[in-house]
$ cat data06.txt   # compact mmCIF, C-alpha atoms
# COMPACT_ATOMS: atom_id res chain seq x y z
CA MET A 1 0.00 0.00 0.00
CA ASP A 2 1.11 3.53 -0.72
CA THR A 3 2.23 5.14 2.56
CA THR A 4 3.83 8.44 3.46
CA PRO A 5 6.48 8.79 6.17
CA LEU A 6 5.48 11.44 8.75
CA THR A 7 6.27 12.29 12.36
CA LEU A 8 4.15 11.45 15.39
CA LEU A 9 4.62 13.99 18.15
CA THR A 10 3.49 12.75 21.58
CA ILE A 11 3.20 15.16 24.48
CA VAL A 12 2.40 14.00 28.02
CA CYS A 13 1.78 16.83 30.46
CA GLU A 14 -0.28 18.15 33.36
CA ALA A 15 -3.93 18.46 32.36
CA ILE A 16 -4.06 22.16 33.06
CA LEU A 17 -2.02 22.85 29.92
CA LYS A 18 -4.65 21.36 27.62
CA GLU A 19 -6.12 24.53 26.12
CA ARG A 20 -2.77 26.21 25.77
CA LEU A 21 -1.16 23.28 23.98
CA LEU A 22 -4.11 22.79 21.65
CA GLY A 23 -3.62 26.45 20.73
CA GLU A 24 0.06 25.82 20.03
CA LEU A 25 -0.80 22.85 17.78
CA THR A 26 -3.22 24.92 15.73
CA LYS A 27 -0.77 27.78 15.50
CA ALA A 28 2.00 25.52 14.25
CA GLY A 29 -0.29 24.09 11.59
CA ALA A 30 -1.20 20.65 12.95
CA LYS A 31 -4.34 19.36 11.24
CA GLY A 32 -5.66 17.27 14.10
CA HIS A 33 -4.90 15.61 17.40
CA THR A 34 -5.87 12.79 19.74
CA LEU A 35 -6.23 13.48 23.43
CA THR A 36 -6.25 10.90 26.21
CA GLU A 37 -6.44 11.31 29.97
CA CYS A 38 -3.73 9.36 31.68
CA GLU A 39 -1.84 8.83 34.89
CA GLY A 40 1.78 8.38 35.67
CA SER A 41 4.71 9.54 37.67
CA GLY A 42 7.96 11.35 37.08
CA SER A 43 10.30 13.93 38.47
CA ARG A 44 7.57 16.55 38.97
CA HIS A 45 4.60 14.58 40.10
CA ARG A 46 2.47 17.23 41.72
CA ARG A 47 -0.83 18.44 40.23
CA VAL A 48 -2.81 21.55 41.04
CA SER A 49 -6.31 20.54 40.14
CA GLU A 50 -8.22 17.65 41.64
CA THR A 51 -11.02 18.03 39.12
CA LEU A 52 -9.13 18.34 35.86
CA GLY A 53 -7.53 14.96 36.29
CA ALA A 54 -3.86 14.23 36.47
CA ASN A 55 -2.27 14.15 33.04
CA ILE A 56 -3.15 14.26 29.39
CA LYS A 57 -1.48 12.64 26.43
CA LEU A 58 -1.68 14.66 23.25
CA GLU A 59 -0.77 12.99 19.98
CA THR A 60 -0.52 14.64 16.60
CA ILE A 61 0.81 13.45 13.24
CA VAL A 62 2.62 16.23 11.43
CA SER A 63 5.38 16.93 8.96
CA PRO A 64 8.94 16.80 10.36
CA GLY A 65 9.14 20.60 10.01
CA VAL A 66 6.04 21.26 12.09
CA ALA A 67 7.18 18.70 14.66
CA GLU A 68 10.48 20.48 15.05
CA GLN A 69 8.80 23.87 15.35
CA LEU A 70 6.51 22.51 18.08
CA LEU A 71 9.42 20.95 19.96
CA ASN A 72 11.18 24.31 19.87
CA THR A 73 8.16 26.02 21.37
CA LEU A 74 7.92 23.35 24.07
CA THR A 75 11.61 23.62 24.87
CA HIS A 76 11.45 27.38 25.19
CA ASP A 77 8.12 27.99 26.91
CA TYR A 78 7.09 24.78 28.66
CA PHE A 79 9.88 22.40 29.64
CA PRO A 80 11.50 24.70 32.23
CA ARG A 81 8.32 25.22 34.27
CA PHE A 82 5.75 22.55 33.74
CA ALA A 83 5.50 18.83 34.23
CA ILE A 84 5.73 17.82 30.60
CA ILE A 85 7.56 15.43 28.31
CA ALA A 86 7.48 15.12 24.52
CA TYR A 87 8.91 12.71 22.00
CA LEU A 88 8.91 12.05 18.27
CA SER A 89 8.36 8.76 16.50
CA PRO A 90 8.49 8.02 12.80
CA VAL A 91 5.19 6.74 11.44
CA SER A 92 3.89 5.67 8.06
CA VAL A 93 0.38 6.68 7.12
CA VAL A 94 -1.97 6.24 4.24
CA ARG A 95 -3.63 9.37 2.86
CA GLY A 96 -0.53 11.40 3.81
CA ASP A 97 -1.99 14.69 2.54
CA LYS A 98 -4.59 14.60 5.32
CA TYR A 99 -1.89 15.53 7.83
CA ILE A 100 0.08 18.29 6.15
CA MET B 1 -14.27 28.48 74.29
CA TRP B 2 -14.10 24.79 75.19
CA ASP B 3 -17.82 24.11 74.82
CA VAL B 4 -17.88 25.97 71.50
CA LEU B 5 -14.99 23.84 70.33
CA GLN B 6 -16.78 20.72 71.48
CA VAL B 7 -19.88 21.58 69.45
CA ASN B 8 -17.68 21.99 66.40
CA LEU B 9 -15.71 18.80 66.92
CA ALA B 10 -18.88 16.77 67.32
CA SER B 11 -20.38 18.07 64.08
CA PRO B 12 -20.69 15.58 61.21
CA LEU B 13 -18.67 17.95 59.02
CA ALA B 14 -15.55 17.99 61.18
CA LEU B 15 -15.88 14.27 61.89
CA ALA B 16 -16.22 13.35 58.21
CA PHE B 17 -13.16 15.47 57.49
CA VAL B 18 -11.19 13.67 60.17
CA LEU B 19 -12.38 10.31 58.82
CA GLY B 20 -10.98 11.29 55.43
CA ILE B 21 -7.60 12.14 56.90
CA VAL B 22 -7.49 8.99 59.04
CA SER B 23 -8.37 6.70 56.15
CA ARG B 24 -5.55 8.24 54.12
CA LEU B 25 -3.15 7.74 57.01
CA LEU B 26 -4.27 4.12 57.23
CA LYS B 27 -3.52 3.84 53.52
CA SER B 28 -7.10 2.81 52.80
CA GLU B 29 -8.04 2.43 49.14
CA LEU B 30 -11.10 4.65 49.76
CA SER B 31 -11.47 7.47 47.27
CA LEU B 32 -14.43 9.39 45.87
CA PRO B 33 -14.85 9.14 42.11
CA ARG B 34 -13.64 12.35 40.48
CA ASP B 35 -17.02 12.93 38.83
CA LEU B 36 -18.80 12.70 42.17
CA TYR B 37 -16.39 15.24 43.64
CA ALA B 38 -17.08 17.58 40.72
CA SER B 39 -20.86 17.04 41.00
CA LEU B 40 -20.86 17.69 44.73
CA SER B 41 -18.94 20.92 44.36
CA ILE B 42 -21.31 22.10 41.62
CA TYR B 43 -24.30 21.26 43.80
CA LEU B 44 -22.86 23.00 46.88
CA LEU B 45 -21.84 26.16 45.06
CA LEU B 46 -25.13 26.51 43.19
CA ALA B 47 -27.16 25.81 46.33
CA LEU B 48 -25.14 28.44 48.17
CA GLY B 49 -25.71 30.96 45.38
CA LEU B 50 -29.45 30.27 45.09
CA LYS B 51 -30.11 30.55 48.80
CA GLY B 52 -27.99 33.69 48.98
CA GLY B 53 -29.83 35.18 46.03
CA VAL B 54 -33.24 34.61 47.56
CA GLU B 55 -32.08 36.30 50.76
CA LEU B 56 -30.47 39.08 48.76
CA SER B 57 -33.81 39.85 47.10
CA GLN B 58 -35.11 40.71 50.57
CA THR B 59 -32.09 42.77 51.65
CA SER B 60 -32.02 46.56 51.51
CA LEU B 61 -29.04 48.24 49.90
CA ASN B 62 -28.43 50.11 53.14
CA ALA B 63 -27.86 46.94 55.11
CA LEU B 64 -25.45 45.67 52.49
CA PHE B 65 -23.41 48.82 51.93
CA TRP B 66 -20.89 48.89 54.80
CA PRO B 67 -20.35 45.13 54.98
CA ALA B 68 -19.63 45.20 51.22
CA VAL B 69 -17.16 48.07 51.64
CA VAL B 70 -15.19 46.34 54.40
CA THR B 71 -15.23 43.08 52.43
CA VAL B 72 -13.61 44.71 49.42
CA GLY B 73 -11.13 46.34 51.81
CA LEU B 74 -10.29 42.91 53.24
CA GLY B 75 -9.92 41.53 49.71
CA LEU B 76 -7.32 44.19 48.95
CA PHE B 77 -5.49 43.86 52.25
CA THR B 78 -5.13 40.11 52.80
CA PRO B 79 -3.09 39.25 49.67
CA VAL B 80 -0.70 42.14 50.32
CA SER B 81 -0.17 41.27 53.99
CA ALA B 82 0.34 37.60 53.12
CA TYR B 83 2.83 38.52 50.38
CA LEU B 84 4.82 40.84 52.64
CA VAL B 85 5.01 38.34 55.49
CA LEU B 86 6.21 35.59 53.15
CA ARG B 87 8.72 37.85 51.41
CA ARG B 88 10.12 39.75 54.38
CA LEU B 89 9.88 37.24 57.20
CA GLY B 90 9.80 33.98 55.31
CA ARG B 91 12.36 35.03 52.67
CA PHE B 92 10.40 33.22 49.99
CA PRO B 93 11.18 33.90 46.32
CA ILE B 94 8.80 36.34 44.62
CA ALA B 95 6.86 33.68 42.69
CA ASP B 96 6.30 31.46 45.73
CA ALA B 97 5.31 34.39 47.94
CA ALA B 98 2.84 35.72 45.36
CA GLY B 99 1.50 32.24 44.63
CA ILE B 100 0.80 31.52 48.29
CA ALA B 101 -0.58 35.05 48.80
CA ALA B 102 -3.09 34.49 45.98
CA HIS B 103 -4.45 31.52 47.92
CA TYR B 104 -4.74 33.44 51.18
CA GLY B 105 -6.23 36.50 49.49
CA SER B 106 -8.98 34.38 48.00
CA VAL B 107 -11.71 32.48 49.85
CA SER B 108 -12.36 28.82 50.46
CA ALA B 109 -16.05 28.32 49.73
CA VAL B 110 -16.21 25.10 51.75
CA THR B 111 -14.71 26.76 54.83
CA PHE B 112 -17.29 29.52 54.36
CA ILE B 113 -20.13 27.01 54.21
CA ALA B 114 -18.82 25.18 57.25
CA ALA B 115 -18.73 28.48 59.18
CA GLN B 116 -22.25 29.30 58.07
CA GLN B 117 -23.45 25.92 59.32
CA PHE B 118 -21.57 26.35 62.58
CA VAL B 119 -23.08 29.74 63.49
CA GLN B 120 -26.48 28.30 62.65
CA THR B 121 -25.87 25.47 65.10
CA MET B 122 -24.95 28.08 67.71
CA ASN B 123 -28.29 29.84 67.08
CA GLN B 124 -26.55 32.93 65.73
CA PRO B 125 -27.26 32.61 61.99
CA ALA B 126 -25.35 34.93 59.69
CA GLU B 127 -27.07 37.51 57.49
CA GLY B 128 -28.46 36.07 54.29
CA PHE B 129 -26.33 38.29 52.08
CA LEU B 130 -23.00 36.78 53.13
CA PRO B 131 -22.69 34.69 49.95
CA THR B 132 -22.75 38.00 48.08
CA LEU B 133 -19.81 39.15 50.18
CA LEU B 134 -18.04 35.88 49.40
CA THR B 135 -18.04 36.66 45.67
CA LEU B 136 -16.81 40.19 46.41
CA LEU B 137 -13.90 38.82 48.40
CA GLU B 138 -12.94 36.11 45.95
CA ILE B 139 -12.08 38.27 42.95
CA PRO B 140 -9.62 40.95 44.10
CA GLY B 141 -7.57 38.56 46.24
CA ILE B 142 -6.26 36.24 43.51
CA GLN B 143 -5.99 39.10 41.02
CA LEU B 144 -3.97 41.38 43.24
CA ALA B 145 -1.50 38.74 44.40
CA LEU B 146 -0.91 37.53 40.85
CA ALA B 147 -0.44 41.11 39.68
CA ILE B 148 2.11 41.75 42.44
CA GLY B 149 3.90 38.55 41.46
CA ALA B 150 3.94 39.39 37.74
CA VAL B 151 5.16 42.95 38.28
CA GLN B 152 7.86 41.99 40.79
CA MET B 153 9.07 39.12 38.63
CA ALA B 154 9.36 41.44 35.64
CA ARG B 155 11.29 43.90 37.76
CA GLU B 156 13.62 41.22 39.06
CA ARG B 157 14.21 39.93 35.54
CA ALA B 158 14.99 43.43 34.33
CA ALA B 159 17.44 43.87 37.21
CA GLN B 160 19.23 40.62 36.44
CA HIS B 161 19.07 41.56 32.79
CA ALA B 162 22.29 39.85 31.80
CA GLY B 163 20.25 36.68 31.33
CA GLN B 164 19.50 34.85 28.13
CA SER B 165 15.78 34.21 28.36
CA ALA B 166 14.84 37.82 28.97
CA ALA B 167 12.42 37.86 26.07
CA GLU B 168 9.67 36.13 27.95
CA ALA B 169 6.24 37.64 27.55
CA PRO B 170 4.26 37.68 30.81
CA ARG B 171 0.75 36.37 30.64
CA PRO B 172 -1.71 39.21 29.99
CA MET B 173 -3.65 40.16 33.12
CA ALA B 174 -6.89 40.29 31.13
CA GLU B 175 -6.51 36.57 30.52
CA VAL B 176 -6.10 35.92 34.25
CA LEU B 177 -9.09 38.09 35.07
CA HIS B 178 -11.15 36.19 32.51
CA GLU B 179 -10.06 32.91 34.06
CA VAL B 180 -10.98 33.99 37.58
CA LEU B 181 -14.30 35.52 36.57
CA THR B 182 -15.38 32.56 34.47
CA SER B 183 -14.15 29.88 36.86
CA ARG B 184 -16.64 27.23 37.90
CA SER B 185 -17.09 28.65 41.37
CA MET B 186 -17.71 32.21 40.17
CA ILE B 187 -20.22 31.20 37.47
CA LEU B 188 -22.16 28.98 39.86
CA MET B 189 -22.11 31.41 42.78
CA VAL B 190 -22.81 34.61 40.87
CA GLY B 191 -25.24 32.81 38.55
CA GLY B 192 -26.99 31.30 41.58
CA LEU B 193 -27.19 34.70 43.27
CA ILE B 194 -28.79 36.25 40.20
CA ILE B 195 -31.24 33.38 39.71
CA GLY B 196 -32.12 33.43 43.41
CA CYS B 197 -32.60 37.19 43.33
CA LEU B 198 -34.87 36.98 40.28
CA MET B 199 -37.01 34.06 41.40
CA GLY B 200 -37.43 35.14 45.03
CA GLU B 201 -38.93 33.05 47.80
CA GLN B 202 -41.85 31.87 45.69
CA GLY B 203 -39.72 30.52 42.88
CA TYR B 204 -37.34 28.93 45.35
CA GLU B 205 -40.06 26.89 47.07
CA PRO B 206 -40.25 23.99 44.53
CA VAL B 207 -36.46 23.44 44.36
CA LYS B 208 -35.89 24.02 48.05
CA PRO B 209 -36.12 20.35 49.13
CA PHE B 210 -33.36 19.43 46.71
CA PHE B 211 -31.04 22.35 47.34
CA GLU B 212 -31.59 22.76 51.07
CA GLY B 213 -32.79 19.42 52.35
CA MET B 214 -29.80 17.53 51.03
CA PHE B 215 -27.29 20.30 51.58
CA LYS B 216 -25.75 19.16 54.85
CA GLY B 217 -25.52 15.56 53.70
CA ALA B 218 -23.76 16.56 50.50
CA LEU B 219 -21.46 18.81 52.48
CA THR B 220 -20.57 15.95 54.81
CA LEU B 221 -19.65 13.78 51.84
CA PHE B 222 -17.64 16.61 50.34
CA LEU B 223 -15.71 17.10 53.57
CA LEU B 224 -14.87 13.41 53.58
CA GLU B 225 -13.27 13.95 50.18
CA MET B 226 -11.51 17.07 51.44
CA GLY B 227 -10.13 15.01 54.30
CA LEU B 228 -8.78 12.48 51.80
CA ALA B 229 -7.21 15.27 49.76
CA ALA B 230 -5.69 16.93 52.82
CA GLY B 231 -4.50 13.59 54.15
CA ALA B 232 -2.71 12.88 50.90
CA ARG B 233 -0.75 16.10 51.33
CA LEU B 234 0.26 15.55 54.94
CA GLY B 235 3.45 13.89 53.77
CA ASP B 236 4.47 17.17 52.15
CA LEU B 237 4.43 18.95 55.51
CA LYS B 238 7.99 17.79 56.08
CA SER B 239 9.22 19.46 52.93
CA VAL B 240 7.56 22.86 53.37
CA GLY B 241 9.34 23.79 56.57
CA LEU B 242 8.35 25.15 59.95
CA PHE B 243 7.86 28.70 58.73
CA LEU B 244 5.03 27.78 56.39
CA LEU B 245 3.50 25.57 59.05
CA GLY B 246 3.35 28.51 61.46
CA PHE B 247 2.28 30.88 58.69
CA GLY B 248 -0.64 28.63 57.78
CA MET B 249 -2.03 28.83 61.30
CA ILE B 250 -1.03 32.29 62.55
CA LEU B 251 -1.93 34.35 59.48
CA PRO B 252 -5.52 32.99 59.41
CA VAL B 253 -5.97 34.03 63.04
CA LEU B 254 -4.74 37.57 62.25
CA HIS B 255 -6.82 37.85 59.07
CA GLY B 256 -9.76 36.25 60.84
CA GLY B 257 -9.51 38.64 63.76
CA LEU B 258 -9.40 41.59 61.38
CA GLY B 259 -12.41 40.23 59.49
CA VAL B 260 -14.42 39.78 62.68
CA LEU B 261 -13.51 43.28 63.82
CA LEU B 262 -14.42 44.92 60.50
CA GLY B 263 -17.57 42.83 60.30
CA HIS B 264 -18.57 43.99 63.77
CA TRP B 265 -17.91 47.66 62.89
CA SER B 266 -19.87 47.41 59.68
CA GLY B 267 -22.91 46.29 61.64
CA LEU B 268 -22.95 42.54 61.07
CA SER B 269 -24.48 40.21 63.67
CA ILE B 270 -22.32 37.86 65.75
CA GLY B 271 -22.85 35.08 63.22
CA GLY B 272 -22.20 37.42 60.30
CA ALA B 273 -18.97 38.79 61.77
CA ALA B 274 -17.75 35.27 62.58
CA VAL B 275 -18.43 34.11 59.01
CA LEU B 276 -16.78 37.20 57.50
CA GLY B 277 -13.76 36.54 59.72
CA THR B 278 -13.67 32.94 58.53
CA MET B 279 -13.78 34.12 54.92
CA ALA B 280 -10.83 36.44 55.47
CA ALA B 281 -8.94 33.68 57.28
CA SER B 282 -9.53 30.96 54.70
CA ALA B 283 -7.31 30.05 51.78
CA SER B 284 -8.74 29.03 48.44
CA TYR B 285 -7.75 25.69 46.99
CA ILE B 286 -10.21 25.29 44.12
CA ALA B 287 -10.04 28.55 42.19
CA ALA B 288 -6.55 29.71 43.09
CA PRO B 289 -4.27 26.74 42.27
CA PRO B 290 -4.97 26.53 38.52
CA ALA B 291 -4.79 30.33 38.18
CA VAL B 292 -1.46 30.45 39.99
CA ARG B 293 -0.07 27.48 38.08
CA MET B 294 -0.81 29.13 34.76
CA THR B 295 0.27 32.64 35.68
CA LEU B 296 3.21 32.02 37.99
CA PRO B 297 4.52 28.63 36.88
CA GLU B 298 7.78 29.35 38.71
CA ALA B 299 5.98 29.05 42.03
CA ASN B 300 6.32 25.62 43.60
CA PRO B 301 2.85 23.99 43.84
CA THR B 302 3.92 21.95 46.86
CA TYR B 303 4.14 25.14 48.93
CA TYR B 304 0.80 26.68 48.11
CA LEU B 305 -1.18 23.45 47.95
CA THR B 306 0.19 22.15 51.22
CA ALA B 307 -0.28 25.47 53.00
CA ALA B 308 -3.85 25.96 51.81
CA LEU B 309 -5.08 22.37 51.92
CA ALA B 310 -3.05 20.54 54.56
CA ILE B 311 -2.45 23.35 57.06
CA THR B 312 -4.96 26.22 56.88
CA PHE B 313 -8.06 24.31 55.81
CA PRO B 314 -7.93 21.74 58.65
CA PHE B 315 -6.94 24.48 61.09
CA ASN B 316 -9.98 26.58 60.19
CA ILE B 317 -12.40 23.66 60.12
CA VAL B 318 -11.36 22.35 63.52
CA LEU B 319 -10.13 25.36 65.54
CA GLY B 320 -10.48 28.54 63.48
CA ILE B 321 -14.24 28.73 63.07
CA PRO B 322 -15.02 28.35 66.80
CA LEU B 323 -12.25 30.84 67.52
CA TYR B 324 -13.61 33.53 65.16
CA TYR B 325 -17.06 32.89 66.59
CA GLN B 326 -15.70 33.42 70.09
CA MET B 327 -14.02 36.66 68.97
CA ALA B 328 -17.31 37.89 67.51
CA THR B 329 -19.18 37.01 70.71
CA LEU B 330 -16.65 38.89 72.86
CA LEU B 331 -16.79 41.95 70.60
CA ALA B 332 -20.58 42.01 70.67
CA ALA B 333 -20.55 41.84 74.46
CA HIS B 334 -18.55 45.09 74.69
$ encode --input "data06.txt" --output "structure tokens"
Amino acid sequence: MDTTPLTLLTIVCEAILKERLLGELTKAGAKGHTLTECEGSGSRHRRVSETLGANIKLETIVSPGVAEQLLNTLTHDYFPRFAIIAYLSPVSVVRGDKYI
Amino acid sequence: MWDVLQVNLASPLALAFVLGIVSRLLKSELSLPRDLYASLSIYLLLALGLKGGVELSQTSLNALFWPAVVTVGLGLFTPVSAYLVLRRLGRFPIADAAGIAAHYGSVSAVTFIAAQQFVQTMNQPAEGFLPTLLTLLEIPGIQLALAIGAVQMARERAAQHAGQSAAEAPRPMAEVLHEVLTSRSMILMVGGLIIGCLMGEQGYEPVKPFFEGMFKGALTLFLLEMGLAAGARLGDLKSVGLFLLGFGMILPVLHGGLGVLLGHWSGLSIGGAAVLGTMAASASYIAAPPAVRMTLPEANPTYYLTAALAITFPFNIVLGIPLYYQMATLLAAH
């Protein structure tokens, strides 16, 4: 089958950042996302809202350029202060033009 | 004082709270589902707003004027005093001091409700318009402390200057104000007040059994959850230090005393002055933490959450409320 190589950006962070990060995705040009509530632990396991839930996992499939741009934003504005991690994985998708 | 304290300690509210803490200490697997917690807080806040609104519709502007003035005054004073104490005496960094001050400037609705129930038990019910005062006190507190924090941080950054990441844009204050004004508790309380005011006693009658009959039961359940939440933070007490521990108990007494005094001067009843004092003494832990986290991310959440939830909240629920009530009684006797 005809597939296109793209980049999957996965962000796991405190739930309170949801709206802000969705804004960043749109701004960078991501065409969609998948959001999951999740739990976990790490070096900064302390959450401010009992009602928002602990963490969210935000996944988006984008072009390598957009992924890099988003990682730059995260590195500059988010990593120093918030409980957040992010990683890239190579993926192959059908209908590649849907994502870029 | 002892008999007043005894009444409070034997109330289902305080006991449910203690049960929550104890079950956490015993490492019980008990926990309230998150959705139930959210539903209970919606129910409590709306019920509080509705009841307050109905009472407000029967209140004259004259009776409300001076209490409202002193409440706004308290709202402007408490975050500043908390900030200065933390900065000057506690030597906390700007962000931490402002973050904690935002919590102490704002109000804990549950502490307020518990105080209202307590003065009712003592046959000294507070004026019906106190929920209106609660909303007046909630807004300026968080706002002012966050503004102080943002301004001081900017100044400090400018002074250090040399740094690399100087080009950081602070979060616009309008955004923070929007967040505070549209928070769940504000919408439910202010919305409830308006609905209550519009519908009056007659409109309230059909929904009264639901919103009033079940109120204390729901509150008991909510306090159980608060006990669990506070219990979970007890372990953090070790890491916050003795200063914050003392701060979390002494500052409420000072703020509470001031609130009682101002309430008394503005013409409130014993119950009203005690509840206003409790409001001034309490520290928010629902509205303030997310606002602080977003606006002052440099502030360490362990400090403000532990202080508000594991120190000041239990202190007020168990000792503070009877103490402010006693202060109000003594003042009225003079």
$ interface_residues --input "data06.txt" --of "chain B" --to "chain A" --cutoff "10 Å" --atoms "all atoms listed in the file" --output "list in words"
Arg34, Asp35, Leu36, Tyr37, Ala38, Ser41, Ser165, Glu168, Ala169, Ala229, Tyr285, Ile286, Ala287, Ala288, Pro289, Pro290, Ala291, Val292, Arg293, Met294, Leu296, Pro297, Glu298, Ala299, Asn300, Pro301, Thr302, Tyr304 and Leu305 of chain B
$ atom_distance --input "data06.txt" --atom1 "CA of Thr306 (chain B)" --atom2 "CA of Arg88 (chain B)"
20.5 Å
$ residues_around --input "data06.txt" --residues "Ala281 (chain B)" --least-positions-apart "6" --cutoff "10 Å" --atoms "all atoms listed in the file" --output "ChimeraX atom specification"
/B:78,104-108,111-112,248-260,275,312-313,316,320-321,324
$ atom_distance --input "data06.txt" --atom1 "CA of Cys13 (chain A)" --atom2 "CA of Ala98 (chain B)"
24.1 Å
$ residues_around --input "data06.txt" --residues "Lys31 (chain A)" --least-positions-apart "5" --cutoff "8 Å" --atoms "all atoms listed in the file" --output "NGL selection string"
:A and (26 or 62 or 98-100)
$ residues_around --input "data06.txt" --residues "Ala67 (chain A)" --least-positions-apart "5" --cutoff "12 Å" --atoms "only C-alpha atoms" --output "ChimeraX atom specification"
/A:6-11,24-25,28-30,59-62,72-74,86-90,99-100
$ decode --input "data06.txt" --residues "region 53-67 of chain A" --atoms "N, CA and C atoms" --output "PDB file, in the first residue's frame"
ATOM      1  N   GLY A  53      -8.201  16.217  36.536  1.00  0.00           N
ATOM      2  CA  GLY A  53      -7.529  14.960  36.286  1.00  0.00           C
ATOM      3  C   GLY A  53      -6.040  15.189  36.293  1.00  0.00           C
ATOM      4  N   ALA A  54      -5.289  14.090  36.298  1.00  0.00           N
ATOM      5  CA  ALA A  54      -3.855  14.230  36.474  1.00  0.00           C
ATOM      6  C   ALA A  54      -3.160  14.709  35.197  1.00  0.00           C
ATOM      7  N   ASN A  55      -3.055  13.832  34.235  1.00  0.00           N
ATOM      8  CA  ASN A  55      -2.272  14.152  33.043  1.00  0.00           C
ATOM      9  C   ASN A  55      -3.081  13.968  31.771  1.00  0.00           C
ATOM     10  N   ILE A  56      -2.578  14.546  30.700  1.00  0.00           N
ATOM     11  CA  ILE A  56      -3.150  14.256  29.391  1.00  0.00           C
ATOM     12  C   ILE A  56      -2.040  13.825  28.452  1.00  0.00           C
ATOM     13  N   LYS A  57      -2.423  13.007  27.475  1.00  0.00           N
ATOM     14  CA  LYS A  57      -1.483  12.638  26.425  1.00  0.00           C
ATOM     15  C   LYS A  57      -2.046  13.181  25.122  1.00  0.00           C
ATOM     16  N   LEU A  58      -1.243  13.965  24.461  1.00  0.00           N
ATOM     17  CA  LEU A  58      -1.679  14.656  23.252  1.00  0.00           C
ATOM     18  C   LEU A  58      -0.844  14.110  22.106  1.00  0.00           C
ATOM     19  N   GLU A  59      -1.519  13.544  21.101  1.00  0.00           N
ATOM     20  CA  GLU A  59      -0.773  12.990  19.981  1.00  0.00           C
ATOM     21  C   GLU A  59      -1.176  13.702  18.702  1.00  0.00           C
ATOM     22  N   THR A  60      -0.201  14.011  17.869  1.00  0.00           N
ATOM     23  CA  THR A  60      -0.522  14.635  16.599  1.00  0.00           C
ATOM     24  C   THR A  60       0.461  14.152  15.541  1.00  0.00           C
ATOM     25  N   ILE A  61      -0.053  13.877  14.348  1.00  0.00           N
ATOM     26  CA  ILE A  61       0.809  13.450  13.239  1.00  0.00           C
ATOM     27  C   ILE A  61       1.033  14.647  12.332  1.00  0.00           C
ATOM     28  N   VAL A  62       2.293  15.004  12.179  1.00  0.00           N
ATOM     29  CA  VAL A  62       2.621  16.225  11.435  1.00  0.00           C
ATOM     30  C   VAL A  62       3.849  15.996  10.546  1.00  0.00           C
ATOM     31  N   SER A  63       4.156  17.007   9.757  1.00  0.00           N
ATOM     32  CA  SER A  63       5.376  16.934   8.957  1.00  0.00           C
ATOM     33  C   SER A  63       6.577  17.141   9.874  1.00  0.00           C
ATOM     34  N   PRO A  64       7.761  16.637   9.498  1.00  0.00           N
ATOM     35  CA  PRO A  64       8.936  16.804  10.358  1.00  0.00           C
ATOM     36  C   PRO A  64       9.191  18.272  10.691  1.00  0.00           C
ATOM     37  N   GLY A  65       8.910  19.171   9.767  1.00  0.00           N
ATOM     38  CA  GLY A  65       9.136  20.600  10.011  1.00  0.00           C
ATOM     39  C   GLY A  65       8.264  21.127  11.129  1.00  0.00           C
ATOM     40  N   VAL A  66       6.982  20.808  11.050  1.00  0.00           N
ATOM     41  CA  VAL A  66       6.039  21.263  12.087  1.00  0.00           C
ATOM     42  C   VAL A  66       6.412  20.653  13.433  1.00  0.00           C
ATOM     43  N   ALA A  67       6.793  19.369  13.411  1.00  0.00           N
ATOM     44  CA  ALA A  67       7.177  18.700  14.658  1.00  0.00           C
ATOM     45  C   ALA A  67       8.341  19.428  15.314  1.00  0.00           C
TER      46      ALA A  67
END
